[in-house]
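Participant: Just run_6.txt, nothing more (compact mmCIF, C-alpha atoms):
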```
# COMPACT_ATOMS: atom_id res chain seq x y z
CA MET A 1 14.90 -44.98 33.33
CA ARG A 2 16.50 -47.70 31.18
CA ARG A 3 19.23 -49.78 32.70
CA LYS A 4 22.39 -50.99 30.99
CA PRO A 5 22.01 -54.38 29.34
CA GLY A 6 23.34 -57.12 31.60
CA SER A 7 23.27 -54.99 34.75
CA LEU A 8 21.28 -56.28 37.70
CA LEU A 9 18.76 -54.59 39.95
CA PRO A 10 19.27 -55.04 43.72
CA ILE A 11 16.42 -57.59 43.96
CA GLU A 12 17.92 -59.59 41.07
CA THR A 13 21.38 -59.55 42.64
CA ALA A 14 19.85 -60.63 45.96
CA ILE A 15 18.01 -63.53 44.28
CA CYS A 16 21.15 -64.71 42.48
CA GLU A 17 23.19 -64.47 45.68
CA ALA A 18 20.54 -66.34 47.66
CA ALA A 19 20.41 -69.01 44.93
CA TYR A 20 24.20 -69.27 45.10
CA VAL A 21 24.10 -69.67 48.90
CA LEU A 22 21.51 -72.45 48.52
CA GLN A 23 23.69 -74.08 45.86
CA GLN A 24 26.66 -74.04 48.22
CA ARG A 25 24.48 -75.79 50.80
CA GLY A 26 23.78 -78.52 48.28
CA ILE A 27 20.32 -77.25 47.27
CA ALA A 28 20.69 -76.80 43.54
CA GLN A 29 17.03 -76.06 42.82
CA PHE A 30 14.73 -73.64 44.58
CA TYR A 31 11.14 -72.46 44.27
CA GLY A 32 9.43 -69.12 44.86
CA TYR A 33 8.58 -69.51 48.52
CA SER A 34 11.97 -70.99 49.44
CA ILE A 35 13.90 -68.17 47.77
CA ALA A 36 11.59 -65.58 49.40
CA LYS A 37 12.46 -67.07 52.80
CA GLU A 38 16.15 -67.12 51.95
CA LEU A 39 15.96 -63.45 50.87
CA LYS A 40 14.21 -62.57 54.13
CA HIS A 41 16.89 -64.38 56.11
CA ALA A 42 19.75 -62.80 54.13
CA GLY A 43 18.28 -59.31 54.25
CA ASP A 44 17.28 -59.63 57.90
CA THR A 45 13.84 -58.23 57.13
CA ARG A 46 10.49 -58.94 58.76
CA LEU A 47 8.56 -59.51 55.54
CA LEU A 48 8.91 -61.85 52.62
CA THR A 49 9.35 -60.19 49.21
CA ALA A 50 6.00 -59.24 47.63
CA TYR A 51 4.59 -61.77 45.18
CA GLY A 52 4.63 -59.38 42.22
CA THR A 53 8.17 -58.17 42.89
CA LEU A 54 9.58 -61.66 43.42
CA TYR A 55 8.00 -63.42 40.44
CA ARG A 56 8.59 -60.51 38.10
CA ALA A 57 12.27 -60.53 39.05
CA LEU A 58 12.48 -64.33 38.64
CA ASP A 59 10.90 -63.95 35.22
CA ARG A 60 13.42 -61.30 34.19
CA LEU A 61 16.36 -63.34 35.46
CA GLU A 62 15.17 -66.32 33.45
CA HIS A 63 14.85 -64.17 30.34
CA MET A 64 18.38 -62.86 30.90
CA GLY A 65 19.63 -66.44 31.11
CA PHE A 66 20.79 -66.17 34.73
CA LEU A 67 18.22 -68.70 35.93
CA ARG A 68 16.53 -71.63 34.28
CA SER A 69 13.32 -73.20 35.42
CA GLU A 70 11.27 -76.34 35.00
CA ILE A 71 7.99 -77.67 36.34
CA GLU A 72 8.40 -80.15 39.15
CA ASP A 73 7.59 -83.80 38.47
CA PRO A 74 3.80 -83.95 39.08
CA HIS A 75 4.19 -87.33 40.84
CA VAL A 76 6.36 -85.76 43.53
CA ALA A 77 3.83 -82.99 44.15
CA ALA A 78 0.94 -85.47 44.15
CA ALA A 79 2.76 -87.72 46.62
CA GLU A 80 3.08 -84.78 49.00
CA SER A 81 -0.53 -83.62 48.27
CA ARG A 82 0.47 -80.11 47.27
CA PRO A 83 0.44 -77.96 44.14
CA GLY A 84 3.37 -78.46 41.80
CA ARG A 85 6.30 -76.10 42.18
CA ARG A 86 8.30 -74.34 39.48
CA LEU A 87 11.92 -75.17 40.25
CA TYR A 88 14.62 -72.64 39.45
CA GLU A 89 18.34 -73.17 39.12
CA LEU A 90 21.21 -70.70 38.91
CA THR A 91 23.01 -70.98 35.57
CA ALA A 92 26.71 -70.48 34.89
CA ALA A 93 25.83 -67.04 33.47
CA GLY A 94 24.04 -66.24 36.75
CA GLN A 95 27.09 -67.27 38.77
CA LYS A 96 29.30 -65.09 36.59
CA ALA A 97 26.87 -62.17 36.98
CA ILE A 98 27.05 -62.26 40.79
CA ALA A 99 30.83 -62.63 40.64
CA ASP A 100 30.92 -59.51 38.43
CA VAL A 101 28.65 -57.62 40.83
CA ALA A 102 30.86 -58.61 43.78
CA GLU A 103 33.98 -57.54 41.87
CA LEU A 104 32.38 -54.20 40.99
CA SER A 105 31.36 -53.50 44.57
CA ARG A 106 34.91 -54.40 45.77
CA GLU A 107 36.33 -51.93 43.24
CA LYS A 108 33.91 -49.23 44.36
CA LYS A 109 34.83 -49.81 48.01
CA GLY A 110 38.50 -49.65 47.10
CA ARG A 111 38.02 -46.35 45.26
CA ARG A 112 36.08 -44.90 48.20
CA LYS A 113 38.83 -45.97 50.62
CA LYS A 114 41.52 -44.44 48.42
CA ARG A 115 39.58 -41.19 48.25
CA ALA A 116 39.12 -41.17 52.00
CA TRP A 117 42.90 -41.43 52.58
CA SER A 118 43.83 -38.96 49.90
CA PRO A 119 45.70 -35.93 51.35
CA LEU A 120 43.69 -33.66 49.05
CA MET B 1 -5.24 -78.26 56.43
CA VAL B 2 -8.25 -76.16 55.62
CA SER B 3 -9.99 -77.03 58.89
CA SER B 4 -7.17 -75.55 60.96
CA MET B 5 -7.15 -72.32 58.97
CA SER B 6 -8.74 -69.22 60.37
CA ARG B 7 -11.37 -67.42 58.35
CA LEU B 8 -9.01 -64.47 57.88
CA LEU B 9 -6.27 -66.70 56.52
CA SER B 10 -8.53 -68.45 54.03
CA MET B 11 -9.91 -65.06 52.98
CA ALA B 12 -6.36 -63.74 52.43
CA ALA B 13 -5.46 -66.81 50.37
CA GLU B 14 -8.62 -66.44 48.30
CA LEU B 15 -8.00 -62.74 47.75
CA ALA B 16 -4.47 -63.47 46.50
CA GLU B 17 -5.91 -66.05 44.12
CA VAL B 18 -8.65 -63.69 42.87
CA TRP B 19 -6.13 -60.90 42.28
CA THR B 20 -3.81 -63.25 40.38
CA ARG B 21 -6.72 -64.46 38.26
CA PHE B 22 -7.70 -60.86 37.58
CA TYR B 23 -4.38 -59.53 36.37
CA THR B 24 -3.63 -62.62 34.30
CA LEU B 25 -7.05 -62.50 32.62
CA GLY B 26 -6.88 -62.70 28.83
CA MET B 27 -3.25 -63.82 28.71
CA PRO B 28 -2.14 -66.82 26.66
CA GLN B 29 -2.81 -70.06 28.51
CA THR B 30 0.84 -70.96 29.17
CA ALA B 31 1.88 -67.66 30.72
CA GLN B 32 -1.40 -67.39 32.62
CA GLN B 33 -1.18 -70.90 34.11
CA ARG B 34 2.46 -70.46 34.97
CA ARG B 35 1.87 -67.33 37.04
CA ARG B 36 -1.31 -68.64 38.66
CA ARG B 37 0.36 -71.93 39.64
CA GLU B 38 3.39 -70.18 41.06
CA ILE B 39 1.32 -67.91 43.30
CA ALA B 40 -0.95 -70.82 44.31
CA SER B 41 2.10 -72.86 45.27
CA ASP B 42 3.62 -69.96 47.21
CA VAL B 43 0.39 -69.35 49.13
CA TRP B 44 0.03 -73.09 49.77
CA GLU B 45 3.52 -73.27 51.34
CA CYS B 46 2.54 -70.47 53.70
CA LEU B 47 -0.72 -72.23 54.65
CA ALA B 48 1.17 -75.49 55.15
CA GLU B 49 3.46 -73.82 57.67
CA VAL B 50 0.40 -72.70 59.64
CA SER B 51 -1.20 -76.14 59.57
CA LEU B 52 2.06 -77.70 60.81
CA GLY B 53 2.02 -75.25 63.72
CA GLY B 54 5.08 -73.38 62.52
CA ARG B 55 3.40 -69.99 62.76
CA ARG B 56 0.24 -68.20 63.82
CA SER B 57 -2.53 -68.01 61.27
CA ARG B 58 -3.04 -64.27 61.86
CA ASP B 59 0.60 -63.54 60.99
CA ALA B 60 0.40 -65.70 57.88
CA ALA B 61 -2.79 -63.93 56.74
CA ALA B 62 -1.17 -60.53 57.24
CA GLU B 63 1.89 -61.70 55.34
CA ILE B 64 -0.15 -62.94 52.38
CA LEU B 65 -2.15 -59.69 52.21
CA VAL B 66 0.90 -57.44 52.54
CA ARG B 67 2.84 -59.44 49.93
CA MET B 68 -0.12 -59.22 47.59
CA PHE B 69 -0.76 -55.49 48.01
CA LEU B 70 2.91 -54.48 47.86
CA GLY B 71 3.33 -56.54 44.72
CA ILE B 72 0.42 -54.95 42.82
CA PRO B 73 2.51 -52.31 40.97
CA ASP B 74 4.95 -55.05 39.89
CA ASP B 75 2.08 -57.32 38.83
CA ILE B 76 0.68 -54.56 36.64
CA LEU B 77 4.10 -53.74 35.19
CA TRP B 78 4.77 -57.42 34.54
CA ARG B 79 1.49 -57.69 32.66
CA LEU B 80 2.26 -54.56 30.65
CA GLU B 81 5.77 -55.78 29.83
CA TYR B 82 4.35 -59.10 28.72
CA GLN B 83 1.82 -57.32 26.51
CA MET B 84 4.54 -55.06 25.12
CA ASN B 85 6.77 -57.98 24.18
CA THR B 86 4.07 -60.07 22.58
CA THR B 87 1.77 -57.65 20.70
CA SER B 88 2.94 -56.08 17.47
CA THR B 89 -0.20 -55.72 15.36
CA ARG B 90 -1.80 -52.34 14.89
CA GLY B 91 -5.30 -51.96 13.53
CA GLN B 92 -6.70 -49.17 11.35
CA VAL B 93 -8.82 -47.76 14.16
CA PRO B 94 -6.74 -46.49 17.10
CA LEU B 95 -6.85 -48.89 20.00
CA TRP B 96 -8.06 -46.21 22.40
CA VAL B 97 -11.16 -45.62 20.27
CA ASN B 98 -12.02 -49.33 20.34
CA ALA B 99 -11.33 -49.50 24.05
CA SER B 100 -13.49 -46.45 24.82
CA GLY B 101 -16.25 -47.86 22.64
CA LEU B 102 -16.10 -51.09 24.60
CA GLY B 103 -16.78 -49.01 27.71
CA LEU B 104 -20.37 -48.27 26.66
CA PRO B 105 -21.69 -51.85 26.50
CA LEU B 106 -19.70 -52.73 29.61
CA THR B 107 -21.24 -49.83 31.52
CA ALA B 108 -24.70 -50.77 30.31
CA LEU B 109 -24.10 -54.35 31.45
CA ALA B 110 -22.73 -53.25 34.82
CA LEU B 111 -25.61 -50.83 35.47
CA TYR B 112 -28.20 -53.39 34.35
CA SER B 113 -26.70 -55.99 36.71
CA ALA B 114 -26.47 -53.43 39.52
CA GLY B 115 -30.15 -52.52 39.00
CA SER B 116 -31.28 -56.14 38.83
CA PHE B 117 -29.37 -57.23 41.90
CA SER B 118 -29.84 -54.06 43.93
CA ARG B 119 -32.70 -55.45 46.04
CA PHE B 120 -30.81 -58.67 46.72
CA LEU B 121 -27.61 -56.74 47.54
CA ASN B 122 -29.53 -54.29 49.71
CA ASP B 123 -30.45 -57.10 52.11
CA SER B 124 -27.07 -58.84 52.01
CA SER B 125 -25.09 -59.14 55.24
CA ILE B 126 -22.23 -56.98 53.88
CA ALA B 127 -24.63 -54.14 52.99
CA ILE B 128 -26.26 -54.32 56.42
CA ALA B 129 -22.88 -54.41 58.17
CA ILE B 130 -21.69 -51.32 56.24
CA ARG B 131 -24.94 -49.44 56.94
CA ASP B 132 -25.05 -50.38 60.62
CA SER B 133 -21.47 -49.56 61.46
CA LEU B 134 -20.65 -46.03 62.57
CA TRP B 135 -17.19 -46.01 61.02
CA ILE B 136 -17.11 -48.46 58.06
CA PHE B 137 -18.96 -46.21 55.59
CA PRO B 138 -17.00 -43.01 56.44
CA ALA B 139 -13.75 -45.02 56.31
CA LEU B 140 -14.66 -46.48 52.90
CA LEU B 141 -15.67 -43.07 51.59
CA THR B 142 -12.40 -41.55 52.83
CA LEU B 143 -10.35 -44.33 51.22
CA HIS B 144 -12.36 -43.94 48.00
CA GLY B 145 -11.75 -40.17 47.97
CA ILE B 146 -8.02 -40.50 48.63
CA ALA B 147 -7.69 -43.21 45.97
CA ILE B 148 -9.52 -41.02 43.40
CA CYS B 149 -7.17 -38.13 44.17
CA ALA B 150 -4.09 -40.35 43.85
CA PHE B 151 -5.28 -42.17 40.75
CA ILE B 152 -6.49 -39.11 38.85
CA GLY B 153 -3.51 -37.06 40.05
CA PHE B 154 -0.95 -39.53 38.69
CA ALA B 155 -2.94 -40.27 35.52
CA ALA B 156 -3.42 -36.57 34.81
CA LEU B 157 0.33 -35.93 35.15
CA VAL B 158 1.04 -38.63 32.53
CA ASP B 159 -1.71 -37.22 30.28
CA LEU B 160 -0.37 -33.68 30.63
CA ARG B 161 3.15 -34.84 29.81
CA ILE B 162 1.95 -36.68 26.69
CA LEU B 163 0.03 -33.55 25.68
CA GLY B 164 3.29 -31.65 26.13
CA TRP B 165 1.85 -29.19 28.64
CA THR B 166 4.18 -30.00 31.51
CA LEU B 167 7.50 -31.71 32.44
CA ARG B 168 8.66 -31.46 28.84
CA ARG B 169 12.29 -32.10 29.75
CA THR B 170 11.46 -35.48 31.27
CA PRO B 171 11.08 -38.37 28.77
CA VAL B 172 7.55 -39.77 28.40
CA LEU B 173 8.86 -43.28 29.10
CA GLU B 174 10.38 -42.20 32.41
CA ILE B 175 7.20 -40.43 33.52
CA GLY B 176 5.11 -43.42 32.42
CA GLN B 177 7.28 -46.00 34.16
CA SER B 178 7.39 -44.00 37.38
CA LEU B 179 3.75 -42.92 37.66
CA LEU B 180 1.58 -45.43 35.81
CA PRO B 181 1.98 -48.28 38.31
CA TRP B 182 0.80 -45.89 41.04
CA ALA B 183 -2.08 -44.63 38.92
CA MET B 184 -3.16 -48.18 38.14
CA SER B 185 -2.90 -49.29 41.77
CA GLY B 186 -5.01 -46.22 42.62
CA PHE B 187 -7.55 -47.26 39.99
CA ALA B 188 -7.78 -50.75 41.52
CA VAL B 189 -8.40 -49.23 44.99
CA VAL B 190 -11.00 -46.81 43.53
CA VAL B 191 -12.94 -49.69 41.96
CA LEU B 192 -12.68 -51.90 45.07
CA SER B 193 -13.60 -49.21 47.59
CA GLY B 194 -16.29 -47.89 45.20
CA ALA B 195 -17.87 -51.36 45.06
CA PHE B 196 -18.14 -51.39 48.86
CA VAL B 197 -19.50 -47.82 48.96
CA TYR B 198 -22.11 -48.91 46.42
CA LEU B 199 -22.95 -51.91 48.61
CA ALA B 200 -23.96 -49.57 51.45
CA GLU B 201 -27.06 -48.48 49.55
CA PRO B 202 -27.32 -50.42 46.29
CA ALA B 203 -30.96 -49.56 45.55
CA ARG B 204 -30.38 -45.81 45.96
CA PHE B 205 -27.13 -45.76 43.96
CA ALA B 206 -28.52 -47.90 41.13
CA ALA B 207 -31.29 -45.36 40.50
CA ASN B 208 -29.02 -42.32 40.80
CA SER B 209 -28.31 -40.71 37.40
CA PHE B 210 -25.08 -39.02 38.52
CA PHE B 211 -23.82 -42.34 39.84
CA GLN B 212 -24.62 -43.90 36.45
CA VAL B 213 -22.61 -41.15 34.71
CA LYS B 214 -19.75 -41.78 37.15
CA VAL B 215 -19.72 -45.51 36.36
CA LEU B 216 -19.84 -44.71 32.65
CA MET B 217 -16.86 -42.36 32.97
CA LEU B 218 -14.98 -44.93 35.01
CA PHE B 219 -15.43 -47.63 32.37
CA ILE B 220 -14.83 -45.48 29.31
CA GLY B 221 -12.01 -43.53 30.94
CA GLY B 222 -10.41 -46.67 32.36
CA LEU B 223 -10.42 -48.49 29.04
CA ASN B 224 -9.26 -45.41 27.15
CA ALA B 225 -6.40 -44.96 29.63
CA TRP B 226 -5.50 -48.64 29.44
CA ALA B 227 -5.26 -48.49 25.65
CA CYS B 228 -3.38 -45.21 25.67
CA TYR B 229 -0.91 -46.19 28.40
CA ARG B 230 -0.24 -49.52 26.78
CA ARG B 231 0.96 -47.51 23.80
CA VAL B 232 3.15 -45.49 26.18
CA TYR B 233 4.96 -48.69 27.13
CA GLN B 234 5.19 -49.82 23.51
CA ARG B 235 6.23 -46.64 21.77
CA ALA B 236 7.31 -44.03 24.31
CA SER B 237 11.02 -44.52 23.58
CA GLU B 238 10.31 -43.83 19.88
CA TRP B 239 8.36 -40.69 20.84
CA ASP B 240 11.21 -39.54 23.06
CA GLN B 241 13.72 -40.07 20.26
CA ALA B 242 11.53 -38.31 17.68
CA GLY B 243 10.84 -35.50 20.15
CA GLN B 244 7.09 -35.53 19.50
CA VAL B 245 4.06 -37.56 20.46
CA PRO B 246 1.63 -38.76 17.73
CA ARG B 247 -1.66 -36.90 17.38
CA SER B 248 -3.78 -39.96 18.23
CA ALA B 249 -2.01 -40.37 21.59
CA ARG B 250 -2.53 -36.68 22.37
CA ILE B 251 -6.23 -36.89 21.50
CA ALA B 252 -6.60 -40.00 23.69
CA CYS B 253 -4.96 -38.16 26.60
CA GLY B 254 -7.17 -35.12 26.06
CA PHE B 255 -10.22 -37.38 26.26
CA SER B 256 -8.74 -39.09 29.29
CA LEU B 257 -8.50 -35.74 31.13
CA ALA B 258 -12.08 -34.91 30.14
CA PHE B 259 -13.35 -38.29 31.37
CA TRP B 260 -11.62 -37.88 34.74
CA ALA B 261 -12.99 -34.36 35.14
CA MET B 262 -16.52 -35.61 34.42
CA LEU B 263 -16.00 -38.51 36.82
CA ILE B 264 -15.11 -36.08 39.62
CA VAL B 265 -18.08 -33.83 38.85
CA ALA B 266 -20.52 -36.77 38.68
CA GLY B 267 -19.09 -38.15 41.94
CA GLN B 268 -19.55 -34.81 43.68
CA LEU B 269 -23.13 -34.48 42.43
CA THR B 270 -24.16 -38.05 43.32
CA PRO B 271 -25.42 -37.19 46.85
CA PHE B 272 -27.59 -34.38 45.41
CA SER B 273 -29.60 -36.58 43.06
CA SER B 274 -32.72 -38.15 44.51
```
Would you write out, as structure tokens, the structure that this file holds?

Facilitator:
Amino acid sequence: MRRKPGSLLPIETAICEAAYVLQQRGIAQFYGYSIAKELKHAGDTRLLTAYGTLYRALDRLEHMGFLRSEIEDPHVAAAESRPGRRLYELTAAGQKAIADVAELSREKKGRRKKRAWSPL
Amino acid sequence: MVSSMSRLLSMAAELAEVWTRFYTLGMPQTAQQRRRREIASDVWECLAEVSLGGRRSRDAAAEILVRMFLGIPDDILWRLEYQMNTTSTRGQVPLWVNASGLGLPLTALALYSAGSFSRFLNDSSIAIAIRDSLWIFPALLTLHGIAICAFIGFAALVDLRILGWTLRRTPVLEIGQSLLPWAMSGFAVVVLSGAFVYLAEPARFAANSFFQVKVLMLFIGGLNAWACYRRVYQRASEWDQAGQVPRSARIACGFSLAFWAMLIVAGQLTPFSS
């Protein structure tokens, strides 16, 4: 099934929200493993998101312009003796997208409430 | 860090790396390196937590394996999407014909290697372990059988839809997007479990003519299906809009069904050939 252009899948919304939470905590950039842990924490699940699902979603979000990414400075990675990370950052378009999703879900809740209290 | 890792954990990390290498094979260097580095970094972070004492190595190994296996359908879809967005050339000869043709030399190469290495493999520790265990071989055979059913079942449904023999009201693209990841995951399990089944008695299998036919069908059918399904991702929306599927795609799917049928027959007859 094709989705509407600009609409987000649940995993994409979750990633953007997790990125936003990290941003609010002063962590502007994140990498795959860190966002997987954040998603696990936010979703209160036992498992981290599968590799394929996570990186495919990150790829899509970058293509949609909601995230941007860059390769970490190799000196930093070398200093810590680890492989280099790809660092992602939530863009202004990404922030707007999660604000839109939140607005939409508020509207839906409101409609449901109204229906629940309707005398008919 | 490596010294503190359990064997299971290092095996899980290696398996994740091998799988990533496999599904990114043949991609342009930039995209390939990007995905491989990202997974390597992710796995490294997990291993680092174990070496710092933050978690048990058994849990980390299980996590790596589960994340890898659950992500396989998305990995395959990602690869297909990448292919779909980057390839636009179409040759004179249909791709599925080229792909099926490629199956013959590949099968010959695989069977030649299997024959040459059969004695060496026969005495390997894995082969002995599979032969000696009461439950490993039956478990592998059961997994192989279930995977064949799942893989051929899903693939046949897609083929039948493209042929227009069933589910005509459902768009080809929808059927393809829902079932092909499962069919491809099934194919991966069939090949993996089949390799271990073969390892139980390499010398006997290598000389078995029905087994050779089965391998041939697997290669030709697999490549034919890959070429045909790639077209599904590229052109299915056009087919749905036009309301008909091109003849070449229907022929490829007809062949695909025939290959799978022969694969099942050859598989069933394998134990009866001396």

Participant: For each of A:Arg46, A:His75, A:His63, A:Arg56, take the minimum atom-to-atom distance to chain B, counting only C-alpha atoms, then give the residue where this is smallest.

Facilitator: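 Of all the options, A:Arg56 lies closest to chain B.
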
Participant: Could you tell me which residues of chain B sit within 6 Å of chain A when counting all atoms listed in the file, and give me the result as an MDAnalysis selection string?

Facilitator: chainID B and resid 41:42 67:68 70:71 74:75 174

Participant: What residues have an atom no more than 12 Å from (-26.3, -45.2, 47.4) in the file's own frame, counting all atoms listed in the file, and can you write them as an MDAnalysis selection string?

Facilitator: chainID B and resid 114:115 118 121:122 127 130:131 137 141 194:212 267 270:274

Participant: Got a sec: who's within 10 Å of Thr13 of chain A, counting only C-alpha atoms, leaving out chain neighbours fewer than 2 positions off, as a VMD selection string?

Facilitator: chain A and resid 7 to 11 15 to 19 57 61 94 97 to 98 101 to 102

Participant: Report the distance between atom CA of Gln268 of chain B and atom CA of Gly176 of chain B in Å, rounded to one decimal place.

Facilitator: 28.4 Å

Participant: To one decimal in Å, tell me the separation between atom CA of Phe151 of chain B and atom CA of Phe187 of chain B.

Facilitator: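 The value is 5.6 Å.
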
Participant: So how far away is atom CA of Glu45 of chain B from atom CA of Ala13 of chain B, in Å?

Facilitator: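 Result for atom CA of Ala13 of chain B versus atom CA of Glu45 of chain B: 11.1 Å, one decimal.
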